[in-house]
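So this block is final.csv, CSV, C-alpha atoms:
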```
chain,number,residue,atom,x,y,z
A,1,MET,CA,-4.2,-26.5,-1.0
A,2,LYS,CA,-3.0,-24.8,-4.1
A,3,LYS,CA,0.6,-23.5,-4.1
A,4,LEU,CA,1.0,-19.9,-5.4
A,5,ILE,CA,3.9,-18.0,-6.8
A,6,LEU,CA,3.5,-14.2,-7.2
A,7,ASP,CA,5.4,-12.6,-10.1
A,8,VAL,CA,5.3,-8.9,-9.2
A,9,ASP,CA,6.8,-5.4,-10.0
A,10,THR,CA,6.0,-4.3,-6.5
A,11,GLY,CA,4.2,-1.0,-6.5
A,12,ILE,CA,1.1,-0.2,-4.4
A,13,ASP,CA,-1.4,-2.6,-5.9
A,14,ASP,CA,1.2,-5.4,-5.9
A,15,ALA,CA,1.7,-4.7,-2.2
A,16,MET,CA,-2.0,-5.2,-1.7
A,17,ALA,CA,-1.9,-8.5,-3.7
A,18,LEU,CA,1.0,-9.6,-1.5
A,19,ALA,CA,-1.0,-9.1,1.7
A,20,TYR,CA,-4.1,-10.6,0.2
A,21,SER,CA,-2.4,-13.7,-0.9
A,22,THR,CA,-0.6,-14.3,2.4
A,23,GLY,CA,-3.7,-13.6,4.5
A,24,THR,CA,-6.1,-15.9,2.8
A,25,LYS,CA,-6.5,-19.5,3.8
A,26,GLU,CA,-7.3,-20.8,0.4
A,27,ILE,CA,-3.7,-20.8,-1.0
A,28,GLU,CA,-0.1,-21.1,0.2
A,29,LEU,CA,2.3,-18.5,-1.1
A,30,ILE,CA,5.5,-20.4,-1.7
A,31,GLY,CA,7.6,-17.6,-3.2
A,32,VAL,CA,7.7,-14.2,-4.8
A,33,VAL,CA,9.6,-13.4,-8.0
A,34,GLY,CA,10.4,-9.8,-8.7
A,35,THR,CA,10.3,-8.1,-12.1
A,36,TYR,CA,10.5,-4.6,-13.5
A,37,GLY,CA,7.6,-2.3,-14.3
A,38,ASN,CA,6.2,0.0,-11.7
A,39,VAL,CA,9.8,0.3,-10.4
A,40,ASN,CA,13.2,-1.3,-11.4
A,41,ILE,CA,14.0,-4.8,-10.5
A,42,SER,CA,16.1,-4.1,-7.4
A,43,GLN,CA,13.4,-1.8,-6.0
A,44,ALA,CA,10.7,-4.3,-6.7
A,45,VAL,CA,12.6,-7.1,-4.9
A,46,GLN,CA,13.4,-4.9,-1.9
A,47,ASN,CA,9.8,-3.6,-1.7
A,48,SER,CA,8.5,-7.2,-1.6
A,49,LEU,CA,11.0,-8.2,1.1
A,50,ASN,CA,10.1,-5.1,3.2
A,51,ILE,CA,6.3,-5.7,2.8
A,52,LEU,CA,6.6,-9.4,3.8
A,53,GLY,CA,8.7,-8.4,6.8
A,54,MET,CA,6.2,-5.7,7.8
A,55,ILE,CA,3.3,-8.2,7.8
A,56,GLY,CA,5.2,-10.9,9.6
A,57,LYS,CA,5.6,-13.3,6.6
A,58,THR,CA,9.4,-13.6,6.7
A,59,ASP,CA,9.2,-17.3,5.8
A,60,VAL,CA,8.3,-16.4,2.2
A,61,PRO,CA,11.4,-16.3,-0.1
A,62,VAL,CA,11.8,-13.6,-2.7
A,63,TYR,CA,13.7,-14.1,-5.9
A,64,GLU,CA,15.0,-11.8,-8.6
A,65,GLY,CA,13.6,-12.3,-12.1
A,66,ALA,CA,14.0,-10.4,-15.3
A,67,SER,CA,15.2,-6.8,-15.2
A,68,HIS,CA,14.1,-5.8,-18.7
A,69,ALA,CA,12.0,-7.0,-21.6
A,70,MET,CA,13.1,-10.0,-23.7
A,71,SER,CA,13.8,-7.8,-26.7
A,72,LYS,CA,15.5,-5.0,-24.8
A,73,SER,CA,18.8,-4.5,-22.9
A,74,SER,CA,17.6,-2.2,-20.1
A,75,PHE,CA,14.6,-0.7,-18.4
A,76,THR,CA,13.9,2.8,-16.9
A,77,PRO,CA,10.8,3.4,-14.9
A,78,SER,CA,8.3,5.8,-16.5
A,79,GLU,CA,7.4,9.2,-15.0
A,80,ALA,CA,3.8,8.1,-15.0
A,81,GLY,CA,4.7,5.0,-12.9
A,82,LYS,CA,6.6,7.2,-10.5
A,83,LYS,CA,3.6,9.5,-10.1
A,84,ILE,CA,1.1,6.7,-9.6
A,85,HIS,CA,3.2,4.6,-7.2
A,86,GLY,CA,5.6,7.2,-5.7
A,87,GLN,CA,9.4,7.4,-6.2
A,88,ASN,CA,9.9,4.2,-4.1
A,89,GLY,CA,6.9,2.3,-5.5
A,90,VAL,CA,5.0,2.3,-2.2
A,91,GLY,CA,3.6,5.8,-2.1
A,92,GLY,CA,6.6,7.4,-0.4
A,93,VAL,CA,5.9,5.4,2.8
A,94,ASP,CA,9.1,4.6,4.7
A,95,LEU,CA,8.9,0.9,5.3
A,96,PRO,CA,11.2,-0.9,7.8
A,97,GLN,CA,14.2,-2.5,6.0
A,98,ALA,CA,13.7,-6.3,5.9
A,99,GLU,CA,16.3,-8.5,7.6
A,100,ARG,CA,15.8,-11.2,5.0
A,101,THR,CA,17.5,-10.7,1.6
A,102,LYS,CA,16.7,-12.1,-1.8
A,103,GLU,CA,17.5,-15.7,-2.6
A,104,ASN,CA,20.6,-16.7,-4.6
A,105,GLU,CA,18.6,-18.9,-7.0
A,106,SER,CA,17.2,-16.9,-9.9
A,107,GLY,CA,13.5,-16.3,-10.2
A,108,ILE,CA,13.4,-18.1,-13.6
A,109,ASP,CA,14.9,-21.3,-12.1
A,110,PHE,CA,12.6,-21.1,-9.1
A,111,ILE,CA,9.6,-21.0,-11.3
A,112,ILE,CA,10.8,-23.9,-13.4
A,113,ASN,CA,11.7,-26.0,-10.4
A,114,SER,CA,8.4,-25.3,-8.8
A,115,VAL,CA,6.5,-26.4,-11.9
A,116,LYS,CA,8.4,-29.6,-11.9
A,117,LYS,CA,7.8,-30.1,-8.2
A,118,TYR,CA,4.1,-29.2,-7.9
A,119,GLY,CA,2.7,-29.6,-11.4
A,120,LYS,CA,-1.1,-29.1,-11.5
A,121,ASP,CA,-1.1,-27.9,-7.9
A,122,LEU,CA,0.8,-24.8,-8.8
A,123,VAL,CA,-0.7,-21.4,-9.7
A,124,ILE,CA,1.3,-18.4,-10.8
A,125,ALA,CA,-0.2,-14.9,-10.5
A,126,ALA,CA,1.7,-12.5,-12.7
A,127,THR,CA,0.9,-8.8,-11.9
A,128,GLY,CA,3.8,-7.2,-13.7
A,129,SER,CA,5.3,-7.7,-17.2
A,130,MET,CA,5.1,-11.2,-18.7
A,131,THR,CA,8.8,-11.4,-19.2
A,132,ASN,CA,9.6,-14.0,-16.5
A,133,LEU,CA,6.9,-16.3,-17.9
A,134,GLY,CA,8.1,-15.7,-21.5
A,135,ILE,CA,11.7,-16.7,-20.5
A,136,VAL,CA,10.4,-19.7,-18.6
A,137,LEU,CA,8.5,-20.9,-21.7
A,138,LYS,CA,11.6,-20.5,-23.9
A,139,ASN,CA,13.7,-22.5,-21.4
A,140,TYR,CA,11.1,-25.0,-20.3
A,141,PRO,CA,8.2,-25.2,-22.8
A,142,GLU,CA,6.8,-28.1,-20.8
A,143,MET,CA,5.4,-25.6,-18.3
A,144,ALA,CA,2.5,-25.0,-20.7
A,145,LYS,CA,1.1,-28.5,-20.1
A,146,GLU,CA,2.4,-29.2,-16.6
A,147,ILE,CA,1.3,-26.1,-14.6
A,148,GLY,CA,-2.2,-25.9,-13.0
A,149,GLN,CA,-3.0,-22.3,-13.8
A,150,ILE,CA,-1.5,-18.9,-14.7
A,151,VAL,CA,-3.5,-15.8,-13.7
A,152,ILE,CA,-2.3,-12.5,-15.2
A,153,MET,CA,-3.3,-9.0,-14.4
A,154,GLY,CA,-2.9,-7.5,-17.8
A,155,GLY,CA,-4.6,-6.7,-21.0
A,156,ALA,CA,-7.9,-5.1,-22.1
A,157,LEU,CA,-10.4,-6.7,-24.4
A,158,THR,CA,-13.6,-4.7,-24.1
A,159,VAL,CA,-12.2,-1.3,-23.0
A,160,PRO,CA,-9.3,0.9,-24.1
A,161,GLY,CA,-5.8,0.4,-22.7
A,162,ASN,CA,-4.2,2.7,-20.1
A,163,VAL,CA,-0.9,3.4,-21.9
A,164,SER,CA,-2.4,3.7,-25.4
A,165,PRO,CA,-5.9,3.3,-26.9
A,166,PHE,CA,-4.9,-0.3,-27.4
A,167,ALA,CA,-2.5,-1.4,-24.7
A,168,GLU,CA,-2.6,-2.0,-21.0
A,169,ALA,CA,0.6,-1.3,-19.0
A,170,ASN,CA,1.8,-4.7,-18.0
A,171,ILE,CA,1.3,-6.2,-21.5
A,172,SER,CA,3.0,-3.2,-23.1
A,173,GLN,CA,6.2,-3.7,-21.1
A,174,ASP,CA,6.9,-6.9,-23.1
A,175,PRO,CA,4.3,-7.6,-25.8
A,176,GLU,CA,6.6,-10.3,-27.3
A,177,ALA,CA,6.6,-12.3,-24.0
A,178,ALA,CA,2.9,-11.8,-23.6
A,179,LYS,CA,2.3,-13.1,-27.1
A,180,LEU,CA,4.4,-16.1,-26.5
A,181,LEU,CA,2.4,-16.8,-23.3
A,182,PHE,CA,-1.0,-16.4,-24.9
A,183,GLU,CA,-0.2,-18.5,-27.9
A,184,SER,CA,1.2,-21.4,-25.8
A,185,GLU,CA,-1.1,-24.1,-24.4
A,186,THR,CA,-0.7,-22.6,-20.9
A,187,PRO,CA,-4.0,-22.4,-19.1
A,188,ILE,CA,-4.5,-18.6,-18.5
A,189,ILE,CA,-7.0,-16.4,-16.8
A,190,MET,CA,-6.7,-12.9,-18.0
A,191,VAL,CA,-7.8,-10.3,-15.4
A,192,GLY,CA,-7.6,-7.1,-17.4
A,193,LEU,CA,-8.9,-3.5,-17.3
A,194,ASP,CA,-12.3,-4.9,-18.2
A,195,VAL,CA,-12.8,-5.9,-14.6
A,196,THR,CA,-10.1,-4.2,-12.6
A,197,MET,CA,-11.5,-0.7,-13.3
A,198,ARG,CA,-14.9,-1.9,-11.9
A,199,SER,CA,-13.3,-3.2,-8.6
A,200,ILE,CA,-12.8,-0.1,-6.5
A,201,LEU,CA,-11.3,0.6,-3.1
A,202,THR,CA,-12.2,3.8,-1.2
A,203,GLN,CA,-10.8,5.6,1.8
A,204,GLU,CA,-13.7,4.3,3.8
A,205,ASP,CA,-12.2,0.8,3.2
A,206,THR,CA,-8.6,1.7,4.1
A,207,GLN,CA,-9.8,3.3,7.4
A,208,ARG,CA,-10.6,-0.2,8.7
A,209,TRP,CA,-6.9,-1.0,8.5
A,210,ARG,CA,-5.7,2.1,10.4
A,211,LYS,CA,-7.3,1.0,13.6
A,212,VAL,CA,-5.7,-2.5,13.9
A,213,SER,CA,-1.9,-2.1,13.9
A,214,LYS,CA,1.2,-0.2,12.6
A,215,ALA,CA,1.2,-2.5,9.6
A,216,GLY,CA,-2.4,-1.6,8.9
A,217,LYS,CA,-1.6,2.1,9.2
A,218,ASP,CA,1.3,1.8,6.8
A,219,TYR,CA,-0.8,0.0,4.3
A,220,ALA,CA,-3.6,2.6,4.6
A,221,ASP,CA,-1.0,5.3,4.0
A,222,MET,CA,0.2,3.6,0.8
A,223,VAL,CA,-3.2,3.0,-0.6
A,224,ASP,CA,-4.5,6.4,0.3
A,225,TYR,CA,-1.6,7.9,-1.7
A,226,TYR,CA,-2.8,5.6,-4.6
A,227,ILE,CA,-6.4,6.8,-4.1
A,228,HIS,CA,-5.4,10.5,-4.2
A,229,VAL,CA,-3.5,10.0,-7.4
A,230,HIS,CA,-6.5,8.4,-9.0
A,231,ASP,CA,-8.7,11.3,-7.7
A,232,GLU,CA,-6.6,13.4,-10.2
A,233,THR,CA,-6.1,10.9,-13.0
A,234,ALA,CA,-9.5,9.1,-12.9
A,235,PRO,CA,-11.9,11.1,-10.7
A,236,ALA,CA,-15.0,9.3,-12.0
A,237,ILE,CA,-14.1,6.0,-10.2
A,238,ASN,CA,-14.1,7.7,-6.7
A,239,GLY,CA,-11.3,5.5,-5.3
A,240,CYS,CA,-8.6,3.4,-6.8
A,241,PRO,CA,-8.9,0.3,-9.0
A,242,LEU,CA,-7.9,-3.0,-7.6
A,243,HIS,CA,-5.8,-4.2,-10.5
A,244,ASP,CA,-3.4,-6.7,-8.9
A,245,PRO,CA,-5.6,-7.8,-6.0
A,246,ALA,CA,-8.3,-8.8,-8.6
A,247,ALA,CA,-5.8,-11.4,-10.0
A,248,ILE,CA,-5.6,-12.9,-6.5
A,249,ALA,CA,-9.3,-12.9,-6.2
A,250,ALA,CA,-9.5,-14.8,-9.5
A,251,VAL,CA,-7.3,-17.4,-8.0
A,252,ILE,CA,-9.2,-18.0,-4.8
A,253,HIS,CA,-12.7,-16.8,-5.9
A,254,PRO,CA,-13.2,-17.4,-9.6
A,255,GLU,CA,-17.0,-17.3,-8.9
A,256,PHE,CA,-16.6,-13.5,-8.6
A,257,PHE,CA,-16.0,-13.2,-12.3
A,258,ASP,CA,-17.7,-13.9,-15.6
A,259,MET,CA,-15.1,-15.4,-18.0
A,260,LEU,CA,-15.1,-15.7,-21.8
A,261,PRO,CA,-13.1,-18.6,-23.3
A,262,LEU,CA,-11.1,-17.2,-26.2
A,263,ALA,CA,-7.9,-18.0,-28.1
A,264,MET,CA,-5.8,-14.9,-27.6
A,265,THR,CA,-2.8,-13.2,-29.0
A,266,VAL,CA,-0.9,-9.9,-28.6
A,267,GLU,CA,-0.1,-7.5,-31.4
A,268,THR,CA,3.6,-6.7,-31.5
A,269,GLU,CA,3.9,-4.3,-34.4
A,270,GLY,CA,2.3,-1.1,-35.6
A,271,PRO,CA,0.3,1.5,-33.8
A,272,SER,CA,-1.7,-1.1,-31.8
A,273,VAL,CA,1.3,-2.8,-30.3
A,274,GLY,CA,0.4,-4.4,-27.0
A,275,ARG,CA,-3.2,-5.0,-27.9
A,276,THR,CA,-4.7,-8.2,-26.5
A,277,ILE,CA,-7.2,-9.6,-29.0
A,278,GLY,CA,-8.8,-12.8,-30.1
A,279,ILE,CA,-7.4,-14.9,-32.9
A,280,THR,CA,-9.8,-14.9,-35.8
A,281,ASP,CA,-8.8,-18.3,-37.2
A,282,LYS,CA,-9.3,-19.9,-33.8
A,283,ILE,CA,-12.5,-18.1,-32.8
A,284,ARG,CA,-14.5,-21.4,-32.9
A,285,GLU,CA,-12.1,-23.5,-30.8
A,286,LYS,CA,-14.0,-25.5,-28.3
A,287,ALA,CA,-11.6,-25.3,-25.4
A,288,PRO,CA,-9.1,-22.4,-25.9
A,289,ASN,CA,-6.4,-22.0,-23.3
A,290,VAL,CA,-7.4,-18.5,-22.2
A,291,LYS,CA,-10.3,-17.3,-20.2
A,292,VAL,CA,-10.9,-13.6,-20.2
A,293,CYS,CA,-12.6,-11.9,-17.3
A,294,ILE,CA,-15.2,-9.6,-18.8
A,295,ASN,CA,-17.4,-8.9,-15.7
A,296,VAL,CA,-17.1,-9.0,-11.9
A,297,LYS,CA,-19.2,-8.7,-8.8
A,298,GLU,CA,-18.0,-5.2,-8.2
A,299,ARG,CA,-17.8,-5.0,-4.4
A,300,ALA,CA,-16.9,-8.7,-3.9
A,301,VAL,CA,-13.1,-8.2,-4.6
A,302,ALA,CA,-12.8,-5.2,-2.3
A,303,GLU,CA,-14.8,-6.7,0.5
A,304,ASP,CA,-13.0,-10.0,0.5
A,305,MET,CA,-9.6,-8.3,0.3
A,306,CYS,CA,-10.4,-5.8,3.1
A,307,ASN,CA,-11.6,-8.6,5.4
A,308,VAL,CA,-8.5,-10.7,4.8
A,309,MET,CA,-6.2,-7.8,5.2
A,310,ALA,CA,-7.8,-6.4,8.4
A,311,THR,CA,-7.4,-9.9,10.0
A,312,LEU,CA,-3.8,-10.1,8.8
A,313,TYR,CA,-2.8,-6.7,10.2
A,314,ALA,CA,-4.5,-7.5,13.5
A,315,ASN,CA,-2.3,-10.5,13.9
A,316,VAL,CA,0.9,-8.7,13.2
A,317,LYS,CA,2.9,-8.1,16.3
```
Output the file's structure in the form of structure tokens.
Amino acid sequence: MKKLILDVDTGIDDAMALAYSTGTKEIELIGVVGTYGNVNISQAVQNSLNILGMIGKTDVPVYEGASHAMSKSSFTPSEAGKKIHGQNGVGGVDLPQAERTKENESGIDFIINSVKKYGKDLVIAATGSMTNLGIVLKNYPEMAKEIGQIVIMGGALTVPGNVSPFAEANISQDPEAAKLLFESETPIIMVGLDVTMRSILTQEDTQRWRKVSKAGKDYADMVDYYIHVHDETAPAINGCPLHDPAAIAAVIHPEFFDMLPLAMTVETEGPSVGRTIGITDKIREKAPNVKVCINVKERAVAEDMCNVMATLYANVK
């Protein structure tokens, strides 16, 4: 069984990815590393602890990772992020405070030690900024050849970005770290807006969770908030996109996706900063390290996640 580390900036879609990854039988979640993005680092870590406690997964440790981009000295959550995920990152839902606290070991050290311990059996799913992975590569470049797989929710190849015409939000938080990651030899699956905007969850889906437990109701409240925000910001999709859960789906069900092998980079200067794009000089490489998801079985992600989460919530005492 593959070992999984989640690298998250825990907002609402990260919360779904947490539940999805703990509820599925195909992988073992060995730890969660917090980062900044949807919320600041302390809120992301606490949200992860609270969510794991709520769904009865208190055995999963949570670590604190980077609090800001590699080239910056601080981070402040954006007003757009506060609107999309709520002031507390989980749609204003008042989650019970977890009894467990964050681990003393840093998230960076935890990732490096896990790579050394599990090697090719380890997968990291990064659904926030790429800063933690960038720092790991600087401190332990051997990760590129030793790890089994990194799956990122980030980028946009065939569609515009969501923070600029060029850039997707997670990549834009730290384009230098993302560039370092893409241009390493690390095996990467990029789950970007190309597919996440096609994988949609509706209130009909969340209604299934309300009936099974208090945890299911709290999750439905969180995601319904997220859906209502998207009714305003992206009414054409008739629901909410499954950004971060799609990354988990790519870990456990790669057959849901069509992937394009491509040598990738990230633009770090000029008006297109944050753009994820192929490298012209390497366009003919036979086995590039990146596979870009460019199509998805549209209902497959939602249906699999909903089934896993409904079972998970039903088993929470």
Show me, as JSON lines, the residues of segment 114-218 of chain A having an atom within 12 Å of segment 15-23 of chain A, each with the closest atom pair and its distance in Å, using all atoms listed in the file.
```
{"residue": "A:Val123", "atom": "CA", "partner": "A:Ser21", "partner_atom": "CA", "distance": 11.8}
{"residue": "A:Ile124", "atom": "CA", "partner": "A:Ser21", "partner_atom": "CA", "distance": 11.6}
{"residue": "A:Ala125", "atom": "CA", "partner": "A:Ala17", "partner_atom": "CA", "distance": 9.5}
{"residue": "A:Ala126", "atom": "CA", "partner": "A:Ala17", "partner_atom": "CA", "distance": 10.5}
{"residue": "A:Thr127", "atom": "CA", "partner": "A:Ala17", "partner_atom": "CA", "distance": 8.7}
{"residue": "A:Gly128", "atom": "CA", "partner": "A:Ala17", "partner_atom": "CA", "distance": 11.6}
{"residue": "A:Met153", "atom": "CA", "partner": "A:Ala17", "partner_atom": "CA", "distance": 10.8}
{"residue": "A:Leu201", "atom": "CA", "partner": "A:Met16", "partner_atom": "CA", "distance": 11.0}
{"residue": "A:Thr206", "atom": "CA", "partner": "A:Met16", "partner_atom": "CA", "distance": 11.2}
{"residue": "A:Ala215", "atom": "CA", "partner": "A:Ala19", "partner_atom": "CA", "distance": 10.5}
{"residue": "A:Gly216", "atom": "CA", "partner": "A:Ala19", "partner_atom": "CA", "distance": 10.5}
{"residue": "A:Asp218", "atom": "CA", "partner": "A:Ala15", "partner_atom": "CA", "distance": 11.1}
```
Selection export as an mmCIF file, in the frame of the given file, atoms kept: C-alpha atoms:
```
data_model
loop_
_atom_site.group_PDB
_atom_site.id
_atom_site.type_symbol
_atom_site.label_atom_id
_atom_site.label_comp_id
_atom_site.auth_asym_id
_atom_site.auth_seq_id
_atom_site.Cartn_x
_atom_site.Cartn_y
_atom_site.Cartn_z
ATOM 1 C CA VAL A 123 -0.700 -21.400 -9.700
ATOM 2 C CA ILE A 124 1.300 -18.400 -10.800
ATOM 3 C CA ALA A 125 -0.200 -14.900 -10.500
ATOM 4 C CA ALA A 126 1.700 -12.500 -12.700
ATOM 5 C CA THR A 127 0.900 -8.800 -11.900
ATOM 6 C CA GLY A 128 3.800 -7.200 -13.700
ATOM 7 C CA MET A 153 -3.300 -9.000 -14.400
ATOM 8 C CA LEU A 201 -11.300 0.600 -3.100
ATOM 9 C CA THR A 206 -8.600 1.700 4.100
ATOM 10 C CA ALA A 215 1.200 -2.500 9.600
ATOM 11 C CA GLY A 216 -2.400 -1.600 8.900
ATOM 12 C CA ASP A 218 1.300 1.800 6.800
#
```
Practice problem: Measuring atom to atom with all atoms listed in the file, identify which of A:Asp244, A:Glu105, A:Glu176, A:Asp258 is nearest to Leu193 of chain A. | Solution: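 Nearest candidate to Leu193 of chain A out of A:Asp244, A:Glu105, A:Glu176, A:Asp258: A:Asp244.
Neighbouring residues of Thr101 of chain A at 8 Å or closer, counting all atoms listed in the file and skipping chain neighbours under 3 positions away, are A:Gln46, A:Leu49, A:Val62, A:Ala98.
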Exercise. Check the smallest atom-to-atom distance from each of A:Tyr313, A:Phe182, A:Trp209, A:Tyr225 to Ile12 of chain A using only C-alpha atoms, then report the winner.
Key: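 Selected residue with least distance to Ile12 of chain A: A:Tyr225.
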Exercise. Take atom CA of Ala177 of chain A and atom CA of Met130 of chain A and report the distance between them in Å, one decimal.
Key: 5.6 Å
Exercise. Could you tell me how far atom CA of Leu29 of chain A lies from atom CA of Pro96 of chain A, in Å and to one decimal?
Key: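 Between atom CA of Leu29 of chain A and atom CA of Pro96 of chain A the gap works out to 21.6 Å.
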Quiz prompt | Interatomic distance, atom CA of Val266 of chain A to atom CA of Val191 of chain A (Å, one decimal) | solution = 14.9 Å
Find the residues near segment 138-147 of chain A: any atom within 9 Å, counting only C-alpha atoms, skip ones fewer than 5 places away on the same chain, and give them as a PDB file with C-alpha atoms, in the frame of the given file.
```pdb
ATOM      1  CA  ILE A 108      13.400 -18.100 -13.600  1.00  0.00           C
ATOM      2  CA  ILE A 112      10.800 -23.900 -13.400  1.00  0.00           C
ATOM      3  CA  VAL A 115       6.500 -26.400 -11.900  1.00  0.00           C
ATOM      4  CA  LYS A 116       8.400 -29.600 -11.900  1.00  0.00           C
ATOM      5  CA  TYR A 118       4.100 -29.200  -7.900  1.00  0.00           C
ATOM      6  CA  GLY A 119       2.700 -29.600 -11.400  1.00  0.00           C
ATOM      7  CA  LYS A 120      -1.100 -29.100 -11.500  1.00  0.00           C
ATOM      8  CA  ASP A 121      -1.100 -27.900  -7.900  1.00  0.00           C
ATOM      9  CA  LEU A 122       0.800 -24.800  -8.800  1.00  0.00           C
ATOM     10  CA  VAL A 123      -0.700 -21.400  -9.700  1.00  0.00           C
ATOM     11  CA  ILE A 124       1.300 -18.400 -10.800  1.00  0.00           C
ATOM     12  CA  LEU A 133       6.900 -16.300 -17.900  1.00  0.00           C
ATOM     13  CA  LEU A 180       4.400 -16.100 -26.500  1.00  0.00           C
ATOM     14  CA  LEU A 181       2.400 -16.800 -23.300  1.00  0.00           C
ATOM     15  CA  SER A 184       1.200 -21.400 -25.800  1.00  0.00           C
ATOM     16  CA  GLU A 185      -1.100 -24.100 -24.400  1.00  0.00           C
ATOM     17  CA  THR A 186      -0.700 -22.600 -20.900  1.00  0.00           C
ATOM     18  CA  PRO A 187      -4.000 -22.400 -19.100  1.00  0.00           C
TER      19      PRO A 187
END
```
Got a sec: who's within 8 Å of Gly37 of chain A, counting all atoms listed in the file, leaving out chain neighbours fewer than 5 positions off, as a PDB file with C-alpha atoms, in the coordinates of the input?
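File written: out32.pdb
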```pdb
ATOM      1  CA  ASP A   9       6.800  -5.400 -10.000  1.00  0.00           C
ATOM      2  CA  PRO A  77      10.800   3.400 -14.900  1.00  0.00           C
ATOM      3  CA  GLY A  81       4.700   5.000 -12.900  1.00  0.00           C
ATOM      4  CA  GLY A 128       3.800  -7.200 -13.700  1.00  0.00           C
ATOM      5  CA  SER A 129       5.300  -7.700 -17.200  1.00  0.00           C
ATOM      6  CA  ASN A 170       1.800  -4.700 -18.000  1.00  0.00           C
ATOM      7  CA  GLN A 173       6.200  -3.700 -21.100  1.00  0.00           C
TER       8      GLN A 173
END
```
Self-check item: Pick from A:Asp7, A:Glu64, A:Glu168, A:Glu26 nearest to Thr276 of chain A, counting all atoms listed in the file
Solution: A:Glu168
Practice problem: Find the residues around Phe256 of chain A up to 8 Å (only C-alpha atoms counted), leave out those fewer than 6 positions away in its own chain, and share them as a PyMOL selection string. | Solution: chain A and resi 249-250+296-297+300-301
Produce a file of the selected residues containing C-alpha atoms, as a JSON list (two decimals), in the coordinates of the input.
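Result file again_2.json:
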```json
[["chain", "number", "residue", "atom", "x", "y", "z"],
["A", 249, "ALA", "CA", -9.30, -12.90, -6.20],
["A", 250, "ALA", "CA", -9.50, -14.80, -9.50],
["A", 296, "VAL", "CA", -17.10, -9.00, -11.90],
["A", 297, "LYS", "CA", -19.20, -8.70, -8.80],
["A", 300, "ALA", "CA", -16.90, -8.70, -3.90],
["A", 301, "VAL", "CA", -13.10, -8.20, -4.60]]
```
Practice problem: Do a neighbour search on Glu298 of chain A at 8 Å with all atoms listed in the file, toss out local chain neighbours closer than 3 positions, and write the hits as a list in words. | Solution: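 Residues near the query, excluding close chain neighbours: Arg198, Ser199, Ile200, Val301 and Ala302 of chain A.
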Complete the atom set of segment 95-107 of chain A to N, CA and C atoms and return it as a PDB file, in the frame of the given file.
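What follows is the written file rebuild_36.pdb:
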```pdb
ATOM      1  N   LEU A  95       9.091   2.207   4.686  1.00  0.00           N
ATOM      2  CA  LEU A  95       8.900   0.900   5.300  1.00  0.00           C
ATOM      3  C   LEU A  95      10.166   0.432   5.993  1.00  0.00           C
ATOM      4  N   PRO A  96      10.046  -0.308   7.097  1.00  0.00           N
ATOM      5  CA  PRO A  96      11.200  -0.900   7.800  1.00  0.00           C
ATOM      6  C   PRO A  96      12.009  -1.774   6.814  1.00  0.00           C
ATOM      7  N   GLN A  97      13.336  -1.664   6.854  1.00  0.00           N
ATOM      8  CA  GLN A  97      14.200  -2.500   6.000  1.00  0.00           C
ATOM      9  C   GLN A  97      14.103  -3.948   6.464  1.00  0.00           C
ATOM     10  N   ALA A  98      13.822  -4.856   5.559  1.00  0.00           N
ATOM     11  CA  ALA A  98      13.700  -6.300   5.900  1.00  0.00           C
ATOM     12  C   ALA A  98      15.066  -6.847   6.299  1.00  0.00           C
ATOM     13  N   GLU A  99      15.057  -7.771   7.255  1.00  0.00           N
ATOM     14  CA  GLU A  99      16.300  -8.500   7.600  1.00  0.00           C
ATOM     15  C   GLU A  99      16.626  -9.534   6.583  1.00  0.00           C
ATOM     16  N   ARG A 100      15.607 -10.153   6.022  1.00  0.00           N
ATOM     17  CA  ARG A 100      15.800 -11.200   5.000  1.00  0.00           C
ATOM     18  C   ARG A 100      16.256 -10.542   3.696  1.00  0.00           C
ATOM     19  N   THR A 101      17.098 -11.207   2.954  1.00  0.00           N
ATOM     20  CA  THR A 101      17.500 -10.700   1.600  1.00  0.00           C
ATOM     21  C   THR A 101      17.030 -11.668   0.561  1.00  0.00           C
ATOM     22  N   LYS A 102      17.206 -11.268  -0.688  1.00  0.00           N
ATOM     23  CA  LYS A 102      16.700 -12.100  -1.800  1.00  0.00           C
ATOM     24  C   LYS A 102      17.511 -13.412  -1.848  1.00  0.00           C
ATOM     25  N   GLU A 103      16.892 -14.411  -2.458  1.00  0.00           N
ATOM     26  CA  GLU A 103      17.500 -15.700  -2.600  1.00  0.00           C
ATOM     27  C   GLU A 103      18.580 -15.712  -3.681  1.00  0.00           C
ATOM     28  N   ASN A 104      19.520 -16.633  -3.570  1.00  0.00           N
ATOM     29  CA  ASN A 104      20.600 -16.700  -4.600  1.00  0.00           C
ATOM     30  C   ASN A 104      20.088 -17.337  -5.881  1.00  0.00           C
ATOM     31  N   GLU A 105      19.137 -18.245  -5.784  1.00  0.00           N
ATOM     32  CA  GLU A 105      18.600 -18.900  -7.000  1.00  0.00           C
ATOM     33  C   GLU A 105      17.823 -17.824  -7.797  1.00  0.00           C
ATOM     34  N   SER A 106      17.924 -17.894  -9.113  1.00  0.00           N
ATOM     35  CA  SER A 106      17.200 -16.900  -9.900  1.00  0.00           C
ATOM     36  C   SER A 106      15.714 -17.206  -9.915  1.00  0.00           C
ATOM     37  N   GLY A 107      14.931 -16.162 -10.158  1.00  0.00           N
ATOM     38  CA  GLY A 107      13.500 -16.300 -10.200  1.00  0.00           C
ATOM     39  C   GLY A 107      13.041 -17.255 -11.300  1.00  0.00           C
TER      40      GLY A 107
END
```
